[in-house]
>>> print(open('query27.txt').read())   # compact mmCIF, C-alpha atoms
# COMPACT_ATOMS: atom_id res chain seq x y z
CA MET A 1 -5.40 3.78 0.81
CA LEU A 2 -5.48 4.93 4.42
CA ILE A 3 -7.69 7.87 5.46
CA GLN A 4 -6.82 9.07 9.00
CA CYS A 5 -9.81 11.06 10.24
CA THR A 6 -10.38 13.56 12.98
CA ARG A 7 -13.15 12.77 15.45
CA LYS A 8 -15.50 15.25 13.75
CA LEU A 9 -15.11 13.52 10.40
CA LEU A 10 -15.60 10.05 11.87
CA GLU A 11 -18.87 11.31 13.37
CA GLN A 12 -20.00 12.68 10.02
CA LEU A 13 -19.15 9.41 8.28
CA ASN A 14 -20.82 7.47 11.09
CA ILE A 15 -18.13 4.81 11.07
CA LYS A 16 -15.88 3.22 13.64
CA SER A 17 -12.24 3.57 12.79
CA ASP A 18 -9.90 0.63 12.53
CA SER A 19 -6.94 0.52 14.85
CA HIS A 20 -4.10 2.48 13.29
CA VAL A 21 -2.40 0.61 10.46
CA GLU A 22 0.79 1.38 8.61
CA GLU A 23 0.60 2.41 4.98
CA ASN A 24 3.01 3.84 2.43
CA PRO A 25 2.67 7.59 3.18
CA LEU A 26 2.17 8.33 -0.53
CA PHE A 27 -1.17 6.49 -0.23
CA SER A 28 -2.01 7.83 3.22
CA TRP A 29 -4.04 10.97 3.89
CA HIS A 30 -5.19 12.87 6.99
CA ALA A 31 -8.72 14.27 6.77
CA HIS A 32 -10.79 16.80 8.71
CA PHE A 33 -14.41 17.96 8.68
CA LEU A 34 -15.18 21.70 8.99
CA LEU A 35 -17.59 24.39 7.88
CA VAL A 36 -16.48 26.87 5.21
CA ASN A 37 -18.96 29.62 4.36
CA ARG A 38 -21.54 27.70 6.41
CA ARG A 39 -21.25 24.69 4.12
CA LYS A 40 -19.81 21.30 5.03
CA ALA A 41 -16.28 20.63 3.83
CA VAL A 42 -13.67 17.88 4.07
CA VAL A 43 -9.96 18.64 3.72
CA LEU A 44 -7.44 15.91 2.92
CA VAL A 45 -3.67 16.28 3.30
CA ASN A 46 -1.28 13.69 1.88
CA ASP A 47 1.09 12.35 4.55
CA LEU A 48 4.14 12.29 2.28
CA ALA A 49 3.79 15.26 -0.05
CA ARG A 50 1.45 17.50 2.06
CA TYR A 51 -0.73 17.92 -1.06
CA VAL A 52 -4.24 19.21 -0.23
CA ILE A 53 -7.59 18.15 -1.71
CA VAL A 54 -10.74 20.11 -0.82
CA LEU A 55 -14.34 18.86 -0.90
CA HIS A 56 -16.97 21.52 -0.27
CA GLY A 57 -20.75 21.59 -0.06
CA LEU A 58 -21.14 17.94 0.89
CA LYS A 59 -24.64 16.51 1.38
CA ALA A 60 -25.89 13.38 3.14
CA LYS A 61 -25.64 11.31 -0.04
CA ASP A 62 -21.94 12.17 -0.37
CA TYR A 63 -21.11 10.61 2.99
CA LYS A 64 -22.94 7.43 2.00
CA SER A 65 -20.66 7.02 -1.02
CA PHE A 66 -17.57 8.60 0.48
CA ASP A 67 -15.15 5.95 -0.83
CA GLN A 68 -16.22 6.67 -4.40
CA LEU A 69 -16.09 10.43 -3.81
CA LEU A 70 -12.50 10.19 -2.54
CA VAL A 71 -11.38 8.31 -5.64
CA GLU A 72 -13.16 10.78 -7.93
CA ALA A 73 -11.59 13.71 -6.05
CA ILE A 74 -8.07 12.32 -6.44
CA ARG A 75 -8.66 11.54 -10.11
CA GLU A 76 -10.10 14.97 -10.97
CA THR A 77 -7.47 16.88 -9.01
CA PHE A 78 -4.54 14.94 -10.44
CA GLU A 79 -6.01 15.29 -13.94
CA ALA A 80 -6.28 19.05 -13.38
CA GLU A 81 -2.57 19.01 -12.50
CA GLY A 82 -1.92 17.45 -15.93
CA ILE A 83 -0.66 14.13 -14.55
CA ARG A 84 -0.57 11.38 -17.17
CA ASP A 85 -3.45 8.90 -17.26
CA ASP A 86 -1.19 5.86 -16.86
CA VAL A 87 0.36 7.37 -13.71
CA LEU A 88 -3.07 8.17 -12.31
CA ASP A 89 -4.37 4.66 -13.07
CA LYS A 90 -1.40 3.06 -11.33
CA TYR A 91 -1.86 5.25 -8.26
CA LEU A 92 -5.59 4.51 -8.01
CA THR A 93 -5.12 0.80 -8.63
CA HIS A 94 -2.80 0.73 -5.64
CA SER A 95 -5.43 2.66 -3.63
CA MET A 96 -8.53 0.60 -4.39
CA GLU A 97 -9.03 -0.66 -0.82
CA ILE A 98 -9.80 2.26 1.51
CA THR A 99 -9.26 1.96 5.26
CA TYR A 100 -10.29 4.55 7.88
CA SER A 101 -8.48 5.17 11.14
CA LYS A 102 -7.97 7.88 13.74
CA THR A 103 -5.37 10.57 13.21
CA LYS A 104 -1.78 9.40 13.62
CA ASP A 105 -0.08 12.03 15.78
CA ARG A 106 0.00 15.71 16.78
CA THR A 107 2.35 16.67 13.97
CA SER A 108 -0.02 15.32 11.31
CA VAL A 109 -2.99 17.07 12.95
CA ALA A 110 -1.07 20.35 13.10
CA ARG A 111 -0.28 20.08 9.39
CA LEU A 112 -3.94 19.36 8.69
CA ASN A 113 -5.02 22.41 10.70
CA LYS A 114 -2.53 24.59 8.84
CA ALA A 115 -3.97 23.45 5.51
CA CYS A 116 -7.47 24.36 6.73
CA GLU A 117 -6.24 27.86 7.67
CA THR A 118 -4.82 28.33 4.17
CA ILE A 119 -8.15 27.29 2.64
CA TYR A 120 -9.89 30.14 4.49
CA PHE A 121 -7.34 32.52 2.94
CA TYR A 122 -8.18 31.31 -0.60
CA GLN A 123 -11.90 30.71 -0.09
CA ASP A 124 -12.77 33.15 -2.87
CA LEU A 125 -11.71 30.32 -5.22
CA LEU A 126 -14.43 27.99 -3.92
CA ASP A 127 -16.54 26.40 -6.65
CA HIS A 128 -20.07 26.35 -5.24
CA ASP A 129 -21.36 24.21 -8.11
CA ASP A 130 -19.04 21.24 -7.56
CA VAL A 131 -18.12 19.30 -4.44
CA ILE A 132 -14.63 18.55 -5.77
CA ASN A 133 -12.76 21.88 -5.71
CA THR A 134 -9.79 21.29 -8.00
CA GLU A 135 -8.70 24.92 -8.48
CA LEU A 136 -8.74 25.63 -4.75
CA SER A 137 -6.85 22.39 -4.11
CA LYS A 138 -4.19 23.33 -6.64
CA ARG A 139 -3.75 26.84 -5.25
CA VAL A 140 -3.49 25.72 -1.60
CA SER A 141 -1.01 22.99 -2.60
CA ARG A 142 1.29 25.62 -4.12
CA SER A 143 1.68 27.47 -0.83
CA LEU A 144 5.00 27.08 0.96
CA VAL A 145 4.77 24.90 4.08
CA GLY A 146 7.33 24.20 6.79
CA ASP A 147 8.94 20.77 6.72
CA GLY A 148 11.41 20.77 9.55
CA LYS A 149 13.79 23.42 10.89
CA ASN A 150 14.38 26.17 8.32
CA LYS A 151 13.08 23.97 5.49
CA TYR A 152 10.11 24.78 3.28
CA ILE A 153 8.47 22.84 0.46
CA ARG A 154 5.70 23.29 -2.06
CA PRO A 155 3.35 20.29 -1.75
CA ASN A 156 2.59 20.14 -5.48
CA GLU A 157 6.30 19.82 -6.30
CA GLU A 158 6.72 17.15 -3.63
CA LEU A 159 3.80 15.21 -5.09
CA TYR A 160 5.31 15.33 -8.59
CA LYS A 161 8.65 14.08 -7.28
CA LYS A 162 7.17 11.24 -5.24
CA LEU A 163 4.86 10.09 -8.04
CA GLU A 164 7.79 10.06 -10.46
CA GLU A 165 9.73 7.88 -8.01
CA PHE A 166 6.67 5.61 -7.70
CA VAL A 167 6.21 5.01 -11.45
CA GLY A 168 9.84 5.34 -12.50
CA HIS A 169 9.31 7.79 -15.38
CA PRO A 170 8.12 11.38 -16.02
CA ILE A 171 4.54 12.00 -14.89
CA PHE A 172 3.82 14.82 -17.36
CA MET A 173 3.62 14.59 -21.12
CA THR A 174 1.05 16.80 -22.76
CA LYS A 175 0.54 18.89 -25.84
CA ALA A 176 1.37 22.56 -25.59
CA VAL A 177 1.18 25.55 -27.88
CA GLN A 178 3.86 28.17 -28.50
CA LEU A 179 2.31 31.61 -28.81
CA LYS A 180 3.71 34.99 -29.75
CA VAL A 181 1.71 37.74 -28.08
CA VAL A 182 2.19 41.34 -29.25
CA LEU A 183 0.74 44.32 -27.40
CA LYS A 184 -0.42 46.83 -30.04
CA LEU A 185 1.39 49.94 -28.91
CA GLU A 186 2.25 51.89 -32.08
CA ASP A 187 5.91 52.96 -31.80
CA HIS A 188 6.81 50.63 -28.92
CA HIS A 189 7.74 46.95 -29.31
CA VAL A 190 6.17 45.00 -26.45
CA TRP A 191 5.80 41.26 -26.97
CA ARG A 192 6.14 37.89 -25.22
CA ARG A 193 6.72 34.37 -26.54
CA ILE A 194 5.10 31.78 -24.25
CA VAL A 195 4.41 28.04 -24.14
CA VAL A 196 1.07 26.97 -22.63
CA PRO A 197 -0.33 23.43 -22.16
CA ILE A 198 -3.44 23.19 -24.34
CA ASN A 199 -5.39 21.49 -21.55
CA HIS A 200 -5.44 24.89 -19.83
CA SER A 201 -8.60 26.98 -20.10
CA PHE A 202 -8.91 30.43 -21.65
CA GLU A 203 -9.56 31.72 -18.14
CA GLU A 204 -6.13 30.37 -17.20
CA LEU A 205 -4.63 31.84 -20.39
CA HIS A 206 -5.94 35.21 -19.24
CA ASP A 207 -4.09 34.78 -15.92
CA ILE A 208 -0.94 33.77 -17.80
CA LEU A 209 -1.10 36.87 -20.00
CA GLN A 210 -1.67 39.06 -16.95
CA THR A 211 1.51 37.62 -15.42
CA THR A 212 3.70 37.75 -18.52
CA PHE A 213 2.75 41.35 -19.31
CA GLY A 214 2.61 42.54 -15.72
CA TRP A 215 -1.04 43.61 -15.72
CA LYS A 216 -2.87 43.67 -12.37
CA ASN A 217 -6.20 42.07 -13.37
CA HIS A 218 -8.17 45.14 -12.32
CA HIS A 219 -10.40 45.23 -15.42
CA LEU A 220 -12.57 43.11 -17.70
CA HIS A 221 -11.22 41.30 -20.74
CA GLU A 222 -12.22 39.15 -23.73
CA PHE A 223 -10.80 36.84 -26.38
CA VAL A 224 -11.82 36.88 -30.04
CA ILE A 225 -11.04 33.79 -32.15
CA TYR A 226 -10.38 34.36 -35.86
CA GLU A 227 -10.79 32.02 -38.82
CA GLU A 228 -8.62 32.42 -41.91
CA ASN A 229 -10.51 32.42 -45.22
CA ASP A 230 -8.87 33.40 -48.53
CA SER A 231 -5.97 35.07 -46.67
CA GLU A 232 -8.42 37.15 -44.63
CA TYR A 233 -9.30 36.72 -40.95
CA HIS A 234 -12.89 36.74 -39.73
CA PRO A 235 -14.05 36.58 -36.08
CA ILE A 236 -15.96 33.38 -35.29
CA MET A 237 -16.11 33.36 -31.48
CA ASN A 238 -16.07 35.89 -28.67
CA LEU A 239 -15.04 34.45 -25.28
CA VAL A 240 -16.10 36.77 -22.46
CA CYS A 241 -15.15 36.84 -18.79
CA ASP A 242 -18.42 38.03 -17.26
CA ILE A 243 -22.00 36.89 -17.74
CA GLU A 244 -23.14 40.52 -17.94
CA ALA A 245 -21.44 40.72 -21.35
CA PHE A 246 -24.37 38.76 -22.82
CA ALA A 247 -26.57 41.79 -22.20
CA TYR A 248 -24.66 43.44 -25.07
CA PRO A 249 -24.86 40.85 -27.89
CA LYS A 250 -22.53 40.99 -30.88
CA LYS A 251 -22.70 39.55 -34.37
CA THR A 252 -20.05 37.01 -33.35
CA GLU A 253 -21.19 34.07 -31.22
CA MET A 254 -20.41 34.57 -27.52
CA ARG A 255 -19.36 32.08 -24.83
CA LEU A 256 -18.28 32.42 -21.23
CA GLU A 257 -14.55 31.60 -21.14
CA THR A 258 -14.78 29.55 -17.92
CA ASP A 259 -13.87 25.91 -18.56
CA VAL A 260 -13.35 26.48 -22.31
CA LYS A 261 -10.13 24.62 -23.05
CA ILE A 262 -7.49 26.10 -25.34
CA SER A 263 -7.57 22.81 -27.25
CA GLU A 264 -11.14 23.55 -28.42
CA TYR A 265 -9.80 26.24 -30.76
CA ILE A 266 -6.05 25.64 -31.04
CA PRO A 267 -4.43 24.49 -33.31
CA THR A 268 -7.49 24.68 -35.61
CA TYR A 269 -7.37 28.48 -35.46
CA LYS A 270 -4.10 30.41 -35.56
CA LYS A 271 -5.07 33.97 -34.67
CA ILE A 272 -6.63 35.32 -31.47
CA LYS A 273 -7.12 38.83 -30.13
CA TYR A 274 -7.01 39.44 -26.38
CA THR A 275 -8.35 42.78 -25.14
CA TYR A 276 -7.78 43.90 -21.57
CA ASP A 277 -9.38 46.98 -19.94
CA PHE A 278 -12.06 48.26 -22.30
CA GLY A 279 -11.36 51.82 -21.12
CA ASP A 280 -7.66 51.97 -21.99
CA ASN A 281 -8.33 49.29 -24.66
CA TRP A 282 -5.10 47.29 -24.53
CA GLN A 283 -5.20 44.94 -27.51
CA HIS A 284 -2.90 41.93 -27.80
CA ASP A 285 -2.47 39.97 -31.04
CA ILE A 286 -1.89 36.26 -30.34
CA GLU A 287 -0.28 34.14 -33.06
CA VAL A 288 -0.03 30.35 -32.89
CA GLU A 289 3.58 29.54 -33.83
CA GLU A 290 4.02 25.86 -33.00
CA ILE A 291 2.37 22.83 -31.41
CA ILE A 292 4.63 20.90 -29.02
CA GLY A 293 3.64 17.25 -28.70
CA ASP A 294 5.76 16.22 -25.71
CA TYR A 295 5.74 19.05 -23.17
CA HIS A 296 7.11 17.55 -19.93
CA VAL A 297 5.90 20.08 -17.34
CA ASN A 298 2.40 21.16 -16.36
CA TYR A 299 2.95 24.91 -16.17
CA PRO A 300 3.42 27.66 -18.80
CA THR A 301 6.80 29.16 -19.64
CA CYS A 302 7.84 32.53 -21.01
CA LEU A 303 10.62 31.88 -23.55
CA GLU A 304 11.51 35.47 -24.38
CA GLY A 305 10.10 38.94 -24.69
CA GLU A 306 10.79 42.61 -25.16
CA GLY A 307 9.49 45.91 -23.85
CA ASN A 308 7.72 47.22 -20.77
CA THR A 309 3.98 47.09 -20.27
CA PRO A 310 2.22 50.44 -19.63
CA PRO A 311 0.98 51.12 -16.10
CA GLU A 312 -2.63 50.31 -15.25
CA ASP A 313 -5.08 53.20 -15.81
CA VAL A 314 -2.52 55.36 -17.60
CA GLY A 315 -5.13 56.48 -20.13
CA GLY A 316 -4.55 54.28 -23.14
CA ILE A 317 -1.89 54.85 -25.79
CA TYR A 318 -2.13 58.65 -25.60
CA GLY A 319 -1.82 58.64 -21.82
CA TYR A 320 1.16 56.30 -22.02
CA LYS A 321 2.94 58.66 -24.40
CA GLU A 322 2.41 61.51 -21.94
CA PHE A 323 3.63 59.30 -19.09
CA LEU A 324 6.84 58.42 -20.96
CA SER A 325 7.50 62.01 -22.00
CA ILE A 326 7.38 63.13 -18.35
CA LEU A 327 9.68 60.30 -17.24
CA ALA A 328 12.16 61.31 -19.95
CA ASN A 329 12.39 64.84 -18.50
CA PRO A 330 13.56 64.99 -14.83
CA GLN A 331 13.02 68.77 -14.98
CA HIS A 332 9.31 68.38 -15.64
CA PRO A 333 7.26 69.71 -12.67
CA ASP A 334 5.31 66.42 -12.49
CA TYR A 335 8.36 64.16 -12.79
CA ASN A 336 8.66 63.03 -9.14
CA GLN A 337 4.92 62.55 -8.79
CA MET A 338 4.81 60.48 -12.00
CA VAL A 339 7.72 58.29 -10.88
CA ARG A 340 5.91 57.55 -7.61
CA TRP A 341 2.62 56.91 -9.40
CA GLY A 342 4.25 54.57 -11.90
CA ARG A 343 5.91 52.60 -9.11
CA MET A 344 2.57 52.38 -7.28
CA GLN A 345 0.94 51.06 -10.49
CA GLY A 346 3.60 48.37 -10.83
CA TYR A 347 5.45 49.89 -13.79
CA LYS A 348 8.79 48.11 -14.08
CA ASN A 349 11.22 46.57 -16.54
CA PHE A 350 10.47 43.22 -18.18
CA ASP A 351 11.96 40.50 -15.94
CA ILE A 352 11.70 37.02 -17.48
CA VAL A 353 13.18 35.25 -14.43
CA MET A 354 10.57 36.73 -12.10
CA ILE A 355 7.78 36.00 -14.58
CA ASN A 356 8.74 32.34 -14.92
CA GLY A 357 8.97 31.98 -11.15
CA ILE A 358 5.37 33.20 -10.87
CA LEU A 359 4.14 31.05 -13.75
CA LYS A 360 5.65 27.91 -12.25
CA ASN A 361 3.84 28.37 -8.93
CA ARG A 362 0.59 30.03 -10.00
>>> encode(input="query27.txt", output="structure tokens")
Amino acid sequence: MLIQCTRKLLEQLNIKSDSHVEENPLFSWHAHFLLVNRRKAVVLVNDLARYVIVLHGLKAKDYKSFDQLLVEAIRETFEAEGIRDDVLDKYLTHSMEITYSKTKDRTSVARLNKACETIYFYQDLLDHDDVINTELSKRVSRSLVGDGKNKYIRPNEELYKKLEEFVGHPIFMTKAVQLKVVLKLEDHHVWRRIVVPINHSFEELHDILQTTFGWKNHHLHEFVIYEENDSEYHPIMNLVCDIEAFAYPKKTEMRLETDVKISEYIPTYKKIKYTYDFGDNWQHDIEVEEIIGDYHVNYPTCLEGEGNTPPEDVGGIYGYKEFLSILANPQHPDYNQMVRWGRMQGYKNFDIVMINGILKNR
């Protein structure tokens, strides 16, 4: 594997670069040293796919074992993408010998600088507890980048394609769960049927539900896991999104949802309740319908659905009824104002094509 370093990174590593050598661009990366939030960071950009890997909060010991850190970063990031173990092993076996050189050309340096700019835009995703920032790497690698005149690519999709060409077979094959999610809305039928890889976390499932229902993620949320016993369901776990929730203990055991994989509870348990916005109290019943053993993509999919989601901050079920009654009467004195307010709140018709476009690139 060839790591082509900027002068700043070579100084940090305290190594002399080899004269530039040729390497298969799939196994060749450009790398730069910079400060992000006053902490040392290294950004790597793959020469072929433009995929980005971010290391943040490096200490002196990390530079002394930088070869090992690079391999761990690639492994963890590719695993987070859902890439099969055999594909990852073959890639890393081919990359065992690491060579350092100076940057190749101005084009490569410009691409590297552009990736660093994008990292500043998404720096709220930085994980300050881990040097290897997989979530930030994934998000940056889903941003459109220019690749020639009037041509744009998504680096993650380019990586998938090039790895599949390298190994000669699909690079994804994971278990997934098919869920039916129903928003409890009395007289209105609002539901979505989705497929989610079970290696995703409940934090990611929250993001998926926000997308599929069109919520704006302005409020707190929680999951409650239910166990079936003698045809009755009893709560056994409460997954919360904020550490402050532990100041208000419940009878049910509580855990922070971060890093809790869906596979820890599914398919063992078949019923989950997802509550979003404790003011308006939007409750979603989640039913496990099917386990899919050979899911060949690494992103969730919305299969079908029905009904529009209420606007944010409409005032719960009662407020939503009032909102709909005004929209149904163009002669109402508040009609125009309510139409504008609903549009501002993102109230729109269910659009499965748009939803799946977002889910694929989230």
>>> closest_residue(input="query27.txt", among="A:Arg340, A:Lys138, A:Arg38, A:Lys273", to="A:Val54", atoms="all atoms listed in the file")
A:Lys138
>>> closest_residue(input="query27.txt", among="A:Lys360, A:Lys161, A:Arg39, A:His128", to="A:Tyr299", atoms="only C-alpha atoms")
A:Lys360
>>> closest_residue(input="query27.txt", among="A:Val43, A:Leu183, A:Val21, A:Val297", to="A:Thr99", atoms="all atoms listed in the file")
A:Val21
>>> closest_residue(input="query27.txt", among="A:Tyr91, A:Tyr120, A:Phe223, A:Tyr160", to="A:Tyr51", atoms="all atoms listed in the file")
A:Tyr160
>>> closest_residue(input="query27.txt", among="A:Gln123, A:Ser95, A:Asn14, A:Asn199", to="A:Asp259", atoms="all atoms listed in the file")
A:Asn199
>>> residues_around(input="query27.txt", residues="A:Gly57", least_positions_apart="5", cutoff="10 Å", atoms="only C-alpha atoms", output="list in words")
Leu35, Val36, Asn37, Arg38, Arg39, Lys40, Ala41, Val42, Asp62, Leu126, Asp127, His128, Asp129, Asp130, Val131, Ile132 and Asn133 of chain A
>>> decode(input="query27.txt", residues="stretch 325-344 of chain A", atoms="N, CA and C atoms", output="PDB file, in the first residue's frame")
ATOM      1  N   SER A 325     -58.327  20.201   9.492  1.00  0.00           N
ATOM      2  CA  SER A 325     -59.650  20.807   9.287  1.00  0.00           C
ATOM      3  C   SER A 325     -59.538  22.174   8.625  1.00  0.00           C
ATOM      4  N   ILE A 326     -58.486  22.925   8.967  1.00  0.00           N
ATOM      5  CA  ILE A 326     -58.270  24.240   8.335  1.00  0.00           C
ATOM      6  C   ILE A 326     -57.854  24.060   6.881  1.00  0.00           C
ATOM      7  N   LEU A 327     -56.964  23.092   6.606  1.00  0.00           N
ATOM      8  CA  LEU A 327     -56.540  22.860   5.224  1.00  0.00           C
ATOM      9  C   LEU A 327     -57.695  22.403   4.346  1.00  0.00           C
ATOM     10  N   ALA A 328     -58.687  21.746   4.939  1.00  0.00           N
ATOM     11  CA  ALA A 328     -59.831  21.252   4.172  1.00  0.00           C
ATOM     12  C   ALA A 328     -60.838  22.350   3.848  1.00  0.00           C
ATOM     13  N   ASN A 329     -60.632  23.562   4.397  1.00  0.00           N
ATOM     14  CA  ASN A 329     -61.581  24.654   4.215  1.00  0.00           C
ATOM     15  C   ASN A 329     -60.856  25.914   3.742  1.00  0.00           C
ATOM     16  N   PRO A 330     -60.722  26.094   2.405  1.00  0.00           N
ATOM     17  CA  PRO A 330     -60.024  27.284   1.881  1.00  0.00           C
ATOM     18  C   PRO A 330     -60.662  28.608   2.318  1.00  0.00           C
ATOM     19  N   GLN A 331     -61.897  28.554   2.812  1.00  0.00           N
ATOM     20  CA  GLN A 331     -62.561  29.780   3.252  1.00  0.00           C
ATOM     21  C   GLN A 331     -62.214  30.133   4.699  1.00  0.00           C
ATOM     22  N   HIS A 332     -61.537  29.246   5.360  1.00  0.00           N
ATOM     23  CA  HIS A 332     -61.184  29.504   6.769  1.00  0.00           C
ATOM     24  C   HIS A 332     -60.238  30.709   6.829  1.00  0.00           C
ATOM     25  N   PRO A 333     -60.416  31.608   7.790  1.00  0.00           N
ATOM     26  CA  PRO A 333     -59.574  32.816   7.856  1.00  0.00           C
ATOM     27  C   PRO A 333     -58.081  32.509   8.059  1.00  0.00           C
ATOM     28  N   ASP A 334     -57.773  31.335   8.605  1.00  0.00           N
ATOM     29  CA  ASP A 334     -56.363  30.984   8.838  1.00  0.00           C
ATOM     30  C   ASP A 334     -55.805  30.066   7.759  1.00  0.00           C
ATOM     31  N   TYR A 335     -56.578  29.864   6.681  1.00  0.00           N
ATOM     32  CA  TYR A 335     -56.163  28.870   5.677  1.00  0.00           C
ATOM     33  C   TYR A 335     -54.800  29.204   5.060  1.00  0.00           C
ATOM     34  N   ASN A 336     -54.617  30.383   4.528  1.00  0.00           N
ATOM     35  CA  ASN A 336     -53.357  30.736   3.853  1.00  0.00           C
ATOM     36  C   ASN A 336     -52.177  30.680   4.811  1.00  0.00           C
ATOM     37  N   GLN A 337     -52.379  31.178   6.029  1.00  0.00           N
ATOM     38  CA  GLN A 337     -51.311  31.138   7.016  1.00  0.00           C
ATOM     39  C   GLN A 337     -50.933  29.693   7.352  1.00  0.00           C
ATOM     40  N   MET A 338     -51.939  28.814   7.460  1.00  0.00           N
ATOM     41  CA  MET A 338     -51.671  27.425   7.811  1.00  0.00           C
ATOM     42  C   MET A 338     -50.972  26.690   6.672  1.00  0.00           C
ATOM     43  N   VAL A 339     -51.320  27.008   5.440  1.00  0.00           N
ATOM     44  CA  VAL A 339     -50.641  26.405   4.288  1.00  0.00           C
ATOM     45  C   VAL A 339     -49.162  26.790   4.309  1.00  0.00           C
ATOM     46  N   ARG A 340     -48.880  28.069   4.548  1.00  0.00           N
ATOM     47  CA  ARG A 340     -47.485  28.524   4.598  1.00  0.00           C
ATOM     48  C   ARG A 340     -46.738  27.880   5.759  1.00  0.00           C
ATOM     49  N   TRP A 341     -47.390  27.800   6.907  1.00  0.00           N
ATOM     50  CA  TRP A 341     -46.753  27.201   8.081  1.00  0.00           C
ATOM     51  C   TRP A 341     -46.454  25.722   7.844  1.00  0.00           C
ATOM     52  N   GLY A 342     -47.418  25.009   7.266  1.00  0.00           N
ATOM     53  CA  GLY A 342     -47.209  23.591   6.983  1.00  0.00           C
ATOM     54  C   GLY A 342     -46.049  23.376   6.025  1.00  0.00           C
ATOM     55  N   ARG A 343     -45.961  24.219   5.000  1.00  0.00           N
ATOM     56  CA  ARG A 343     -44.859  24.105   4.042  1.00  0.00           C
ATOM     57  C   ARG A 343     -43.525  24.374   4.744  1.00  0.00           C
ATOM     58  N   MET A 344     -43.514  25.381   5.628  1.00  0.00           N
ATOM     59  CA  MET A 344     -42.298  25.709   6.369  1.00  0.00           C
ATOM     60  C   MET A 344     -41.884  24.549   7.284  1.00  0.00           C
TER      61      MET A 344
END
